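Participant: Take a look at final-v7.csv, CSV, C-alpha atoms:
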```
chain,number,residue,atom,x,y,z
Y,1,GLN,CA,123.0,143.1,-6.0
Y,2,LYS,CA,122.7,145.5,-8.9
Y,3,GLU,CA,124.4,148.8,-8.7
Y,4,VAL,CA,121.2,150.6,-9.6
Y,5,GLU,CA,117.7,149.1,-9.4
Y,6,GLN,CA,114.5,150.3,-11.0
Y,7,ASN,CA,111.1,148.8,-11.4
Y,8,SER,CA,110.8,147.8,-15.0
Y,9,GLY,CA,107.1,148.7,-15.2
Y,10,PRO,CA,105.3,149.5,-17.3
Y,11,LEU,CA,103.9,152.3,-15.2
Y,12,SER,CA,100.6,153.6,-16.7
Y,13,VAL,CA,99.2,157.0,-15.8
Y,14,PRO,CA,96.4,159.0,-17.4
Y,15,GLU,CA,97.3,162.2,-19.2
Y,16,GLY,CA,97.6,165.1,-16.7
Y,17,ALA,CA,98.4,162.9,-13.7
Y,18,ILE,CA,101.7,162.8,-11.8
Y,19,ALA,CA,104.1,160.0,-12.7
Y,20,SER,CA,106.4,158.9,-10.0
Y,21,LEU,CA,109.6,156.9,-10.9
Y,22,ASN,CA,111.8,155.4,-8.3
Y,23,CYS,CA,115.4,154.2,-8.2
Y,24,THR,CA,117.7,152.8,-5.5
Y,25,TYR,CA,121.4,152.4,-5.6
Y,26,SER,CA,123.9,150.2,-3.7
Y,27,ASP,CA,127.0,152.3,-3.3
Y,28,ARG,CA,127.0,155.0,-0.7
Y,29,GLY,CA,130.0,156.5,-2.5
Y,30,SER,CA,127.9,157.5,-5.4
Y,31,GLN,CA,128.3,161.1,-6.1
Y,32,SER,CA,125.7,162.4,-8.5
Y,33,PHE,CA,122.4,161.0,-9.8
Y,34,PHE,CA,120.9,161.4,-13.2
Y,35,TRP,CA,117.6,160.8,-14.9
Y,36,TYR,CA,117.6,160.0,-18.6
Y,37,ARG,CA,114.7,159.4,-21.0
Y,38,GLN,CA,115.1,156.9,-23.8
Y,39,TYR,CA,112.6,156.5,-26.7
Y,40,SER,CA,112.7,153.1,-28.4
Y,41,GLY,CA,115.6,152.8,-30.8
Y,42,LYS,CA,117.1,156.1,-29.7
Y,43,SER,CA,119.9,157.2,-27.4
Y,44,PRO,CA,119.2,158.4,-23.9
Y,45,GLU,CA,118.6,162.1,-23.4
Y,46,LEU,CA,119.3,163.8,-20.1
Y,47,ILE,CA,116.3,165.1,-18.1
Y,48,MET,CA,118.1,166.4,-15.0
Y,49,PHE,CA,120.7,165.6,-12.4
Y,50,ILE,CA,120.9,166.0,-8.7
Y,51,TYR,CA,123.7,165.7,-6.2
Y,52,SER,CA,122.4,167.2,-2.9
Y,53,ASN,CA,119.7,165.8,-0.6
Y,54,GLY,CA,116.3,167.2,-1.2
Y,55,ASP,CA,114.3,168.2,-4.2
Y,56,LYS,CA,115.3,169.8,-7.5
Y,57,GLU,CA,112.7,171.2,-9.8
Y,58,ASP,CA,113.0,171.9,-13.5
Y,59,GLY,CA,109.7,172.6,-15.3
Y,60,ARG,CA,107.4,169.7,-14.9
Y,61,PHE,CA,110.1,167.5,-13.5
Y,62,THR,CA,111.2,167.2,-9.9
Y,63,ALA,CA,114.1,165.0,-8.8
Y,64,GLN,CA,114.3,163.9,-5.2
Y,65,LEU,CA,117.4,162.5,-3.5
Y,66,ASN,CA,117.7,160.8,-0.1
Y,67,LYS,CA,121.3,159.7,0.4
Y,68,ALA,CA,120.5,158.1,3.8
Y,69,SER,CA,118.0,155.8,2.1
Y,70,GLN,CA,120.0,155.5,-1.1
Y,71,TYR,CA,116.9,156.5,-3.0
Y,72,VAL,CA,116.3,158.8,-6.0
Y,73,SER,CA,113.0,159.6,-7.6
Y,74,LEU,CA,111.6,161.5,-10.5
Y,75,LEU,CA,108.2,163.1,-10.5
Y,76,ILE,CA,106.6,164.2,-13.7
Y,77,ARG,CA,103.7,166.6,-13.3
Y,78,ASP,CA,101.0,167.1,-15.8
Y,79,SER,CA,102.1,163.9,-17.7
Y,80,GLN,CA,101.7,164.1,-21.5
Y,81,PRO,CA,101.5,161.2,-24.0
Y,82,SER,CA,104.9,162.4,-25.3
Y,83,ASP,CA,106.4,161.6,-22.0
Y,84,SER,CA,105.8,157.9,-22.8
Y,85,ALA,CA,109.3,156.4,-22.8
Y,86,THR,CA,111.7,154.4,-20.8
Y,87,TYR,CA,113.3,156.4,-17.9
Y,88,LEU,CA,116.8,155.4,-16.9
Y,89,CYS,CA,118.3,156.2,-13.5
Y,90,ALA,CA,122.1,156.6,-13.5
Y,91,VAL,CA,124.6,157.2,-10.7
Y,92,ARG,CA,128.1,158.6,-11.0
Y,93,ARG,CA,130.7,156.9,-9.0
Y,94,VAL,CA,134.5,157.2,-8.6
Y,95,PHE,CA,136.5,157.7,-11.8
Y,96,ASN,CA,133.3,159.4,-13.2
Y,97,LYS,CA,131.9,156.1,-14.3
Y,98,PHE,CA,128.1,156.0,-14.8
Y,99,TYR,CA,126.0,153.0,-13.9
Y,100,PHE,CA,122.5,152.7,-15.2
Y,101,GLY,CA,119.4,151.0,-14.0
Y,102,SER,CA,117.4,148.8,-16.3
Y,103,GLY,CA,114.8,151.5,-16.8
Y,104,THR,CA,111.2,152.0,-16.1
Y,105,LYS,CA,108.8,152.1,-19.0
Y,106,LEU,CA,106.2,154.8,-18.6
Y,107,ASN,CA,102.9,154.9,-20.6
Y,108,VAL,CA,100.9,158.0,-20.4
Y,109,LYS,CA,97.4,157.3,-21.7
Y,110,PRO,CA,95.4,160.1,-23.5
B,1,GLY,CA,123.7,170.9,-24.3
B,2,ALA,CA,126.8,169.5,-25.9
B,3,VAL,CA,126.6,167.5,-29.1
B,4,VAL,CA,128.1,164.1,-29.6
B,5,SER,CA,127.9,162.4,-33.0
B,6,GLN,CA,128.4,158.7,-34.0
B,7,HIS,CA,129.1,157.2,-37.3
B,8,PRO,CA,127.7,155.1,-38.8
B,9,SER,CA,124.2,155.1,-37.4
B,10,TRP,CA,123.7,151.6,-38.5
B,11,VAL,CA,125.8,148.9,-40.1
B,12,ILE,CA,125.3,145.3,-41.3
B,13,CYS,CA,128.4,143.1,-41.6
B,14,LYS,CA,129.2,139.5,-42.2
B,15,SER,CA,130.4,137.3,-39.4
B,16,GLY,CA,134.2,137.4,-39.1
B,17,THR,CA,134.7,140.9,-40.3
B,18,SER,CA,135.6,144.0,-38.3
B,19,VAL,CA,133.6,147.1,-37.9
B,20,LYS,CA,134.8,150.5,-36.8
B,21,ILE,CA,132.4,153.0,-35.0
B,22,GLU,CA,133.4,156.6,-34.5
B,23,CYS,CA,132.3,158.9,-31.7
B,24,ARG,CA,133.0,162.6,-31.9
B,25,SER,CA,132.3,165.5,-29.5
B,26,LEU,CA,131.3,168.4,-31.8
B,27,ASP,CA,131.5,171.5,-29.7
B,28,PHE,CA,133.6,170.6,-26.7
B,29,GLN,CA,136.8,168.7,-25.9
B,30,ALA,CA,136.3,165.4,-24.2
B,31,THR,CA,139.3,163.9,-22.4
B,32,THR,CA,137.1,160.9,-21.5
B,33,MET,CA,134.6,159.1,-23.5
B,34,PHE,CA,132.6,156.0,-22.6
B,35,TRP,CA,131.4,153.1,-24.7
B,36,TYR,CA,128.1,151.3,-23.9
B,37,ARG,CA,126.3,148.4,-25.3
B,38,GLN,CA,122.6,147.9,-25.1
B,39,PHE,CA,120.7,144.8,-26.0
B,40,PRO,CA,117.0,144.9,-26.7
B,41,LYS,CA,114.9,145.8,-23.6
B,42,GLN,CA,118.0,146.0,-21.4
B,43,SER,CA,119.8,148.9,-19.9
B,44,LEU,CA,123.1,150.4,-21.0
B,45,MET,CA,126.1,148.4,-20.0
B,46,LEU,CA,129.3,150.2,-19.7
B,47,MET,CA,132.0,148.5,-21.8
B,48,ALA,CA,135.0,150.7,-21.4
B,49,THR,CA,136.3,154.1,-20.6
B,50,SER,CA,138.3,155.8,-23.3
B,51,ASN,CA,140.9,158.3,-22.2
B,52,GLU,CA,142.6,160.6,-24.7
B,53,GLY,CA,146.2,159.6,-25.2
B,54,SER,CA,146.2,156.5,-23.0
B,55,LYS,CA,144.9,153.0,-23.0
B,56,ALA,CA,141.2,152.4,-22.5
B,57,THR,CA,139.9,150.8,-19.3
B,58,TYR,CA,137.6,147.9,-19.8
B,59,GLU,CA,134.9,146.7,-17.6
B,60,GLN,CA,135.0,143.2,-16.2
B,61,GLY,CA,133.9,140.6,-18.8
B,62,VAL,CA,134.6,142.8,-21.8
B,63,GLU,CA,137.3,141.4,-24.1
B,64,LYS,CA,139.8,144.2,-24.8
B,65,ASP,CA,141.3,142.3,-27.8
B,66,LYS,CA,137.8,142.1,-29.4
B,67,PHE,CA,136.7,145.6,-28.7
B,68,LEU,CA,139.6,147.9,-29.7
B,69,ILE,CA,139.3,151.4,-28.5
B,70,ASN,CA,141.4,154.3,-29.7
B,71,HIS,CA,141.1,157.9,-28.4
B,72,ALA,CA,143.6,159.7,-30.5
B,73,SER,CA,142.3,163.2,-30.1
B,74,LEU,CA,140.2,165.3,-27.7
B,75,THR,CA,137.2,165.0,-30.0
B,76,LEU,CA,137.4,161.5,-31.4
B,77,SER,CA,137.2,158.0,-30.0
B,78,THR,CA,136.8,154.9,-32.1
B,79,LEU,CA,135.5,151.4,-31.2
B,80,THR,CA,136.5,148.5,-33.5
B,81,VAL,CA,134.6,145.3,-33.1
B,82,THR,CA,137.0,142.7,-34.4
B,83,SER,CA,136.0,139.4,-35.9
B,84,ALA,CA,132.3,140.2,-35.3
B,85,HIS,CA,129.8,137.4,-34.6
B,86,PRO,CA,126.0,137.5,-34.5
B,87,GLU,CA,126.1,137.7,-30.7
B,88,ASP,CA,127.9,141.1,-31.0
B,89,SER,CA,124.8,142.5,-32.7
B,90,SER,CA,123.6,145.3,-30.4
B,91,PHE,CA,123.1,149.0,-30.1
B,92,TYR,CA,126.5,150.6,-29.3
B,93,ILE,CA,126.3,154.1,-27.7
B,94,CYS,CA,129.2,156.4,-26.9
B,95,SER,CA,129.1,159.3,-24.5
B,96,ALA,CA,131.4,162.1,-23.7
B,97,ARG,CA,131.6,163.9,-20.4
B,98,ASP,CA,131.8,167.7,-19.9
B,99,LEU,CA,132.0,169.7,-16.7
B,100,VAL,CA,128.7,171.6,-16.0
B,101,GLY,CA,127.6,174.2,-13.6
B,102,GLY,CA,130.9,174.8,-12.1
B,103,GLN,CA,130.0,172.4,-9.3
B,104,GLY,CA,132.4,169.7,-10.2
B,105,THR,CA,129.6,167.7,-11.7
B,106,TYR,CA,130.2,166.0,-14.9
B,107,GLU,CA,127.3,165.4,-17.3
B,108,GLN,CA,127.4,162.7,-19.9
B,109,TYR,CA,126.2,163.6,-23.4
B,110,PHE,CA,125.3,160.6,-25.5
B,111,GLY,CA,125.8,160.0,-29.1
B,112,PRO,CA,122.8,158.8,-31.2
B,113,GLY,CA,124.0,155.2,-31.2
B,114,THR,CA,125.1,152.7,-33.8
B,115,ARG,CA,123.0,149.7,-34.5
B,116,LEU,CA,125.3,146.8,-35.5
B,117,THR,CA,123.8,143.7,-37.1
B,118,VAL,CA,126.2,140.8,-37.7
B,119,THR,CA,124.9,138.2,-40.2
```
Would it be possible to restate this file's structure as structure tokens?
Facilitator:
Amino acid sequence: QKEVEQNSGPLSVPEGAIASLNCTYSDRGSQSFFWYRQYSGKSPELIMFIYSNGDKEDGRFTAQLNKASQYVSLLIRDSQPSDSATYLCAVRRVFNKFYFGSGTKLNVKP
Amino acid sequence: GAVVSQHPSWVICKSGTSVKIECRSLDFQATTMFWYRQFPKQSLMLMATSNEGSKATYEQGVEKDKFLINHASLTLSTLTVTSAHPEDSSFYICSARDLVGGQGTYEQYFGPGTRLTVT
């Protein structure tokens, strides 16, 4: 079983729609959860992190965490073509190691 | 956010040679840096954790004698790929962690990556 699992996609949504990205993790000891965006050939860039159950909003982005279900999601409202990228879910475990999912490719169609 | 740089951004080398990649935290001190490798269309795979002033901790399956890590200062970690072979061709990314928000949560800041091609 992988540490962090994501659907590879591609997930296609029309411009202006809500994109929903999901992630599950295997270790209940995971402490913090992160969403990164990675454009092709580039390094990942942090979108947001969450460590408490519930929702956390930052602009057009909302992260949701459910520790009982070991589930993290990222909602992108009013999706723009510039949001097209691969979204990586990462969890922080003991010794501050980060483990990444394989990423979900998002296509936002104009 | 904090800035992490890597040098070089890309390198081409011949099989059997060694290549050194530098990772620097520019505006903060990083006691811990991480080295990742990413093959095309795959996720980042943690290779090793680099701790300032001590030996690096390698993930299972990563050869410590092939991937030499040195973290001599609070702002610099280096990864040397020794006797590189074509299968070592990959995108190598470093990251440094910094405490954020006063919540005991560490955020990782990634360098721009180094694309290594071994011919």
Participant: Rank nothing, just name the residue among Y:Arg92, Y:Lys97, Y:Lys42, Y:Lys105 nearest to Ser30 (chain Y), using only C-alpha atoms.
Facilitator: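 Closest candidate: Y:Arg92.
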Participant: For a quick check of understanding, using all atoms listed in the file, which of Y:Ile50, Y:Leu75, Y:Leu106, Y:Ala68 has the smallest distance to Val91 (chain Y)?
Facilitator: Y:Ile50
Participant: Looking at Y:Leu46, Y:Ala17, Y:Val108, Y:Ala63, which one is nearest to Glu107 (chain B), with distances taken over only C-alpha atoms?
Facilitator: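 Ranking Y:Leu46, Y:Ala17, Y:Val108, Y:Ala63 by distance to Glu107 (chain B), first place goes to Y:Leu46.
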Participant: Could you please determine the separation between CA of Val118 (chain B) and CA of Ser95 (chain B) in Å, to one decimal place?
Facilitator: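 We find that CA of Val118 (chain B) and CA of Ser95 (chain B) lie 22.9 Å from each other.
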Participant: Could you write out as a list in words the residues of chain Y within 8 Å of chain B, counting only C-alpha atoms?
Facilitator: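 Selected residues: Ser32, Lys42, Ser43, Pro44, Glu45, Leu46, Leu88, Asn96, Lys97, Phe98, Tyr99, Phe100, Gly101, Ser102 and Gly103 of chain Y.
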Participant: Would you list the contacts of Gly59 (chain Y) as an MDAnalysis selection string, taking every protein, DNA or RNA residue within 12 Å and counting only C-alpha atoms, but skipping same-chain residues closer than 5 positions in sequence?
Facilitator: chainID Y and resid 47:48 75:79
Participant: Mind pulling up the distance from CA of Ser26 (chain Y) to CA of Val4 (chain Y)?
Facilitator: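 Separation between CA of Val4 (chain Y) and CA of Ser26 (chain Y): 6.5 Å.
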Participant: If we count all atoms listed in the file and set the cut-off at 12 Å, which residues sit around region 55-63 of chain B, ignoring sequence neighbours fewer than 4 positions away in its own chain? Please answer as a PDB file with C-alpha atoms, in the coordinates of the input.
Facilitator:
```
ATOM      1  CA  PHE Y  95     136.500 157.700 -11.800  1.00  0.00           C
ATOM      2  CA  LYS Y  97     131.900 156.100 -14.300  1.00  0.00           C
ATOM      3  CA  PHE Y  98     128.100 156.000 -14.800  1.00  0.00           C
ATOM      4  CA  TYR Y  99     126.000 153.000 -13.900  1.00  0.00           C
TER       5      TYR Y  99
ATOM      6  CA  THR B  31     139.300 163.900 -22.400  1.00  0.00           C
ATOM      7  CA  THR B  32     137.100 160.900 -21.500  1.00  0.00           C
ATOM      8  CA  MET B  33     134.600 159.100 -23.500  1.00  0.00           C
ATOM      9  CA  PHE B  34     132.600 156.000 -22.600  1.00  0.00           C
ATOM     10  CA  TRP B  35     131.400 153.100 -24.700  1.00  0.00           C
ATOM     11  CA  TYR B  36     128.100 151.300 -23.900  1.00  0.00           C
ATOM     12  CA  ARG B  37     126.300 148.400 -25.300  1.00  0.00           C
ATOM     13  CA  MET B  45     126.100 148.400 -20.000  1.00  0.00           C
ATOM     14  CA  LEU B  46     129.300 150.200 -19.700  1.00  0.00           C
ATOM     15  CA  MET B  47     132.000 148.500 -21.800  1.00  0.00           C
ATOM     16  CA  ALA B  48     135.000 150.700 -21.400  1.00  0.00           C
ATOM     17  CA  THR B  49     136.300 154.100 -20.600  1.00  0.00           C
ATOM     18  CA  SER B  50     138.300 155.800 -23.300  1.00  0.00           C
ATOM     19  CA  ASN B  51     140.900 158.300 -22.200  1.00  0.00           C
ATOM     20  CA  PHE B  67     136.700 145.600 -28.700  1.00  0.00           C
ATOM     21  CA  LEU B  68     139.600 147.900 -29.700  1.00  0.00           C
ATOM     22  CA  ILE B  69     139.300 151.400 -28.500  1.00  0.00           C
ATOM     23  CA  ASN B  70     141.400 154.300 -29.700  1.00  0.00           C
ATOM     24  CA  HIS B  71     141.100 157.900 -28.400  1.00  0.00           C
ATOM     25  CA  ALA B  72     143.600 159.700 -30.500  1.00  0.00           C
ATOM     26  CA  SER B  77     137.200 158.000 -30.000  1.00  0.00           C
ATOM     27  CA  THR B  78     136.800 154.900 -32.100  1.00  0.00           C
ATOM     28  CA  LEU B  79     135.500 151.400 -31.200  1.00  0.00           C
ATOM     29  CA  THR B  80     136.500 148.500 -33.500  1.00  0.00           C
ATOM     30  CA  VAL B  81     134.600 145.300 -33.100  1.00  0.00           C
ATOM     31  CA  THR B  82     137.000 142.700 -34.400  1.00  0.00           C
ATOM     32  CA  ASP B  88     127.900 141.100 -31.000  1.00  0.00           C
TER      33      ASP B  88
END
```
Participant: So how far away is CA of Ala85 (chain Y) from CA of Glu5 (chain Y), in Å?
Facilitator: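 CA of Ala85 (chain Y) lies 17.4 Å from CA of Glu5 (chain Y).
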Participant: Please determine, counting only C-alpha atoms, which residue among Y:Asn107, Y:Gln31, Y:Ser52, Y:Ser69 has the shortest atom-to-atom distance to Ala90 (chain Y).
Facilitator: Y:Gln31
Participant: Between Y:Val94, Y:Pro10, Y:Ser73, Y:Lys67, which is the closest to Phe49 (chain Y) once you count only C-alpha atoms?
Facilitator: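 Smallest separation from Phe49 (chain Y) among the options: Y:Ser73.
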Participant: Y:Gln38, Y:Thr86, Y:Ser8, Y:Ser20: which is nearest Phe61 (chain Y), counting all atoms listed in the file?
Facilitator: Y:Ser20
